[in-house]
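Take a look at the structure below.
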Amino acid sequence: ASKVDGSIYGNNGEVVFGKGMVNYRQLKELYVCLINPSLKNGKDHLLIAGNDRMSHRSLAIAKGDRLWVQNNSSKTLTFFLAGQDDSIQVYSPMKPGERSVIEVEQEGSLELGSDENEALITTLFSRVGLTSQIHSSGEDYLFENLDPGQYKILFWFWRLGFIEKNIIIKAGENIKLNQVLSVDKIMANKNDP
């Protein structure tokens with residue numbers, strides 16, 4: 001689409017993304033998470049460290065999952081997983097080509113980083129019983145074969161934060177839930193009683 005009258009809108013009324021704008025529809029970093037504390041954790045997640053970046057900028061995981069880091073950089077690296085409460089888990093130093101794992105013991109907003117290279121960073125979100133799907137903005141999500149009961153659903157984007165909703169699943173019923181994740185929505189939720 002072309003710009004009309006120098007505005008950010010094209011002929012069809014949709015936003016035309018310029019070089020200085022971020023097109024969130026193209027970023028596959030929106031997580032839709034279902035929380036059910038009775039779910040068994042222990043899934044494996046792999047992050048790959050290069051010389052100047054990690055394979056993922058963000059990752060939603062469950063407490064108890066295993067977080068593997070593969071060192072594909074040219075230097076020995078020591079990774080750590082830090083929580084907001086000053087808790088920290090440290091990986092053994094990894095030479096180039098090596099892989100190491102830890103079981104995630106922390107919940108909340110976490111940061112995976114390297115002592116030797118500040119560019120190697122991944123923002124993580126962890127909760128007990130969390131299962132997640134990653135999507136681009138506007139994509140559909142689906143959680144199937146859920147037992148009846150109460151669940152929490154989270155919409156998380158590492159740059160904004162999250163919105164959390166309580167839902168009740170009844171036998172034989174489907175629930176459709178759409179949510180807009182934006183700065184004003186995040187700030188409103190933080191101020192709710």
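Naming works like this for the structure tokens: A, B, ... for the chains as they're shown, residue 1 at the start of each chain, ligands 1 onward in shown order.
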DSSP on the backbone, strand (DSSP E or B) only: what residues of region 94-155 of chain A does that give? Format it as a ChimeraX atom specification.
/A:94,99-103,108-114,121-127,130-135,149-155
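Excluding Asn36 (chain A) itself and same-chain residues fewer than 3 positions from it, the residues having an atom within 8 Å of it are Leu39, Val128, Gly129, Leu130, Tyr151 and Lys152 of chain A, counting only C-alpha atoms.
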I'd like the interatomic distance between CA of Ile134 (chain A) and CA of His45 (chain A), to a tenth of an Å.
13.2 Å
Could you check which of A:Tyr31, A:Phe162, A:Tyr91, A:Tyr141 is closest to Ala60 (chain A), using only C-alpha atoms?
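When distances to Ala60 (chain A) are compared using only C-alpha atoms, the smallest one comes from A:Tyr31.
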Asn71 (chain A): which residues within 6 Å, counting only C-alpha atoms, same-chain residues fewer than 3 positions away excluded, as number ranges by chain?
A: 49, 96-98
Applying 12 Å and only C-alpha atoms, which residues near Ile35 (chain A) remain after dropping the ones on its own chain fewer than 2 positions away? List them as a ChimeraX atom specification.
/A:32-33,37-41,60-63,126-133,143,146,149-155,164-168
Rounded to one decimal place, report the CA of Asp85 (chain A)-CA of Arg57 (chain A) distance in Å.
21.2 Å
If we count only C-alpha atoms, what is near Val104 (chain A) at a cut-off of 7 Å, once residues fewer than 2 positions away on the same chain are taken out, given as a ChimeraX atom specification?
/A:63-67,102,106
Now that the selection is made, can you save its residues with N, CA and C atoms as a CSV table (one decimal), in the first residue's frame?
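Final output, saved to selection28.csv:
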chain,number,residue,atom,x,y,z
A,63,LYS,N,7.5,-23.3,35.6
A,63,LYS,CA,8.4,-23.6,36.7
A,63,LYS,C,8.5,-25.2,36.7
A,64,GLY,N,9.8,-25.7,36.7
A,64,GLY,CA,10.0,-27.1,36.6
A,64,GLY,C,10.4,-27.6,35.2
A,65,ASP,N,10.3,-26.7,34.2
A,65,ASP,CA,10.7,-27.0,32.8
A,65,ASP,C,12.2,-27.0,32.8
A,66,ARG,N,12.8,-27.7,31.8
A,66,ARG,CA,14.3,-27.7,31.6
A,66,ARG,C,14.6,-26.7,30.5
A,67,LEU,N,15.6,-25.8,30.8
A,67,LEU,CA,16.0,-24.8,29.9
A,67,LEU,C,17.4,-25.1,29.5
A,102,ILE,N,19.4,-26.4,32.9
A,102,ILE,CA,19.0,-26.3,34.3
A,102,ILE,C,17.5,-26.5,34.4
A,106,GLN,N,12.4,-20.9,39.4
A,106,GLN,CA,11.8,-19.6,39.7
A,106,GLN,C,10.5,-19.3,39.0
Which residues, written as a list in words, have at least one atom at most 9 Å from Ala119 (chain A), with only C-alpha atoms counted and residues fewer than 3 positions away on the same chain left out?
Asn51, Asp52, Arg53, Met54, Gly113 and Ser114 of chain A
Selected residues, N, CA, C and O atoms, written as a PDB file, in the first residue's frame, please.
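Wrote it out as selection-v3.pdb, contents follow:
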ATOM      1  N   ASN A  51      27.270 -15.291  18.542  1.00  0.00           N
ATOM      2  CA  ASN A  51      28.246 -14.294  18.989  1.00  0.00           C
ATOM      3  C   ASN A  51      27.601 -12.980  19.407  1.00  0.00           C
ATOM      4  O   ASN A  51      28.128 -12.285  20.268  1.00  0.00           O
ATOM      5  N   ASP A  52      26.428 -12.645  18.820  1.00  0.00           N
ATOM      6  CA  ASP A  52      25.843 -11.345  19.117  1.00  0.00           C
ATOM      7  C   ASP A  52      24.367 -11.370  19.504  1.00  0.00           C
ATOM      8  O   ASP A  52      23.781 -10.336  19.776  1.00  0.00           O
ATOM      9  N   ARG A  53      23.742 -12.553  19.543  1.00  0.00           N
ATOM     10  CA  ARG A  53      22.339 -12.611  19.955  1.00  0.00           C
ATOM     11  C   ARG A  53      21.922 -14.032  20.325  1.00  0.00           C
ATOM     12  O   ARG A  53      22.576 -14.995  19.969  1.00  0.00           O
ATOM     13  N   MET A  54      20.784 -14.092  21.021  1.00  0.00           N
ATOM     14  CA  MET A  54      20.177 -15.370  21.377  1.00  0.00           C
ATOM     15  C   MET A  54      19.154 -15.741  20.307  1.00  0.00           C
ATOM     16  O   MET A  54      18.635 -14.882  19.599  1.00  0.00           O
ATOM     17  N   GLY A 113      20.874 -14.398  30.964  1.00  0.00           N
ATOM     18  CA  GLY A 113      21.963 -13.575  30.454  1.00  0.00           C
ATOM     19  C   GLY A 113      23.291 -14.295  30.567  1.00  0.00           C
ATOM     20  O   GLY A 113      23.379 -15.390  31.120  1.00  0.00           O
ATOM     21  N   SER A 114      24.315 -13.655  30.028  1.00  0.00           N
ATOM     22  CA  SER A 114      25.660 -14.201  30.043  1.00  0.00           C
ATOM     23  C   SER A 114      26.592 -13.228  30.756  1.00  0.00           C
ATOM     24  O   SER A 114      26.533 -12.026  30.516  1.00  0.00           O
TER      25      SER A 114
END
Report, in Å with one decimal, the straight-line distance from CA of His135 (chain A) to CA of Thr122 (chain A).
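These two atoms are separated by 17.2 Å.
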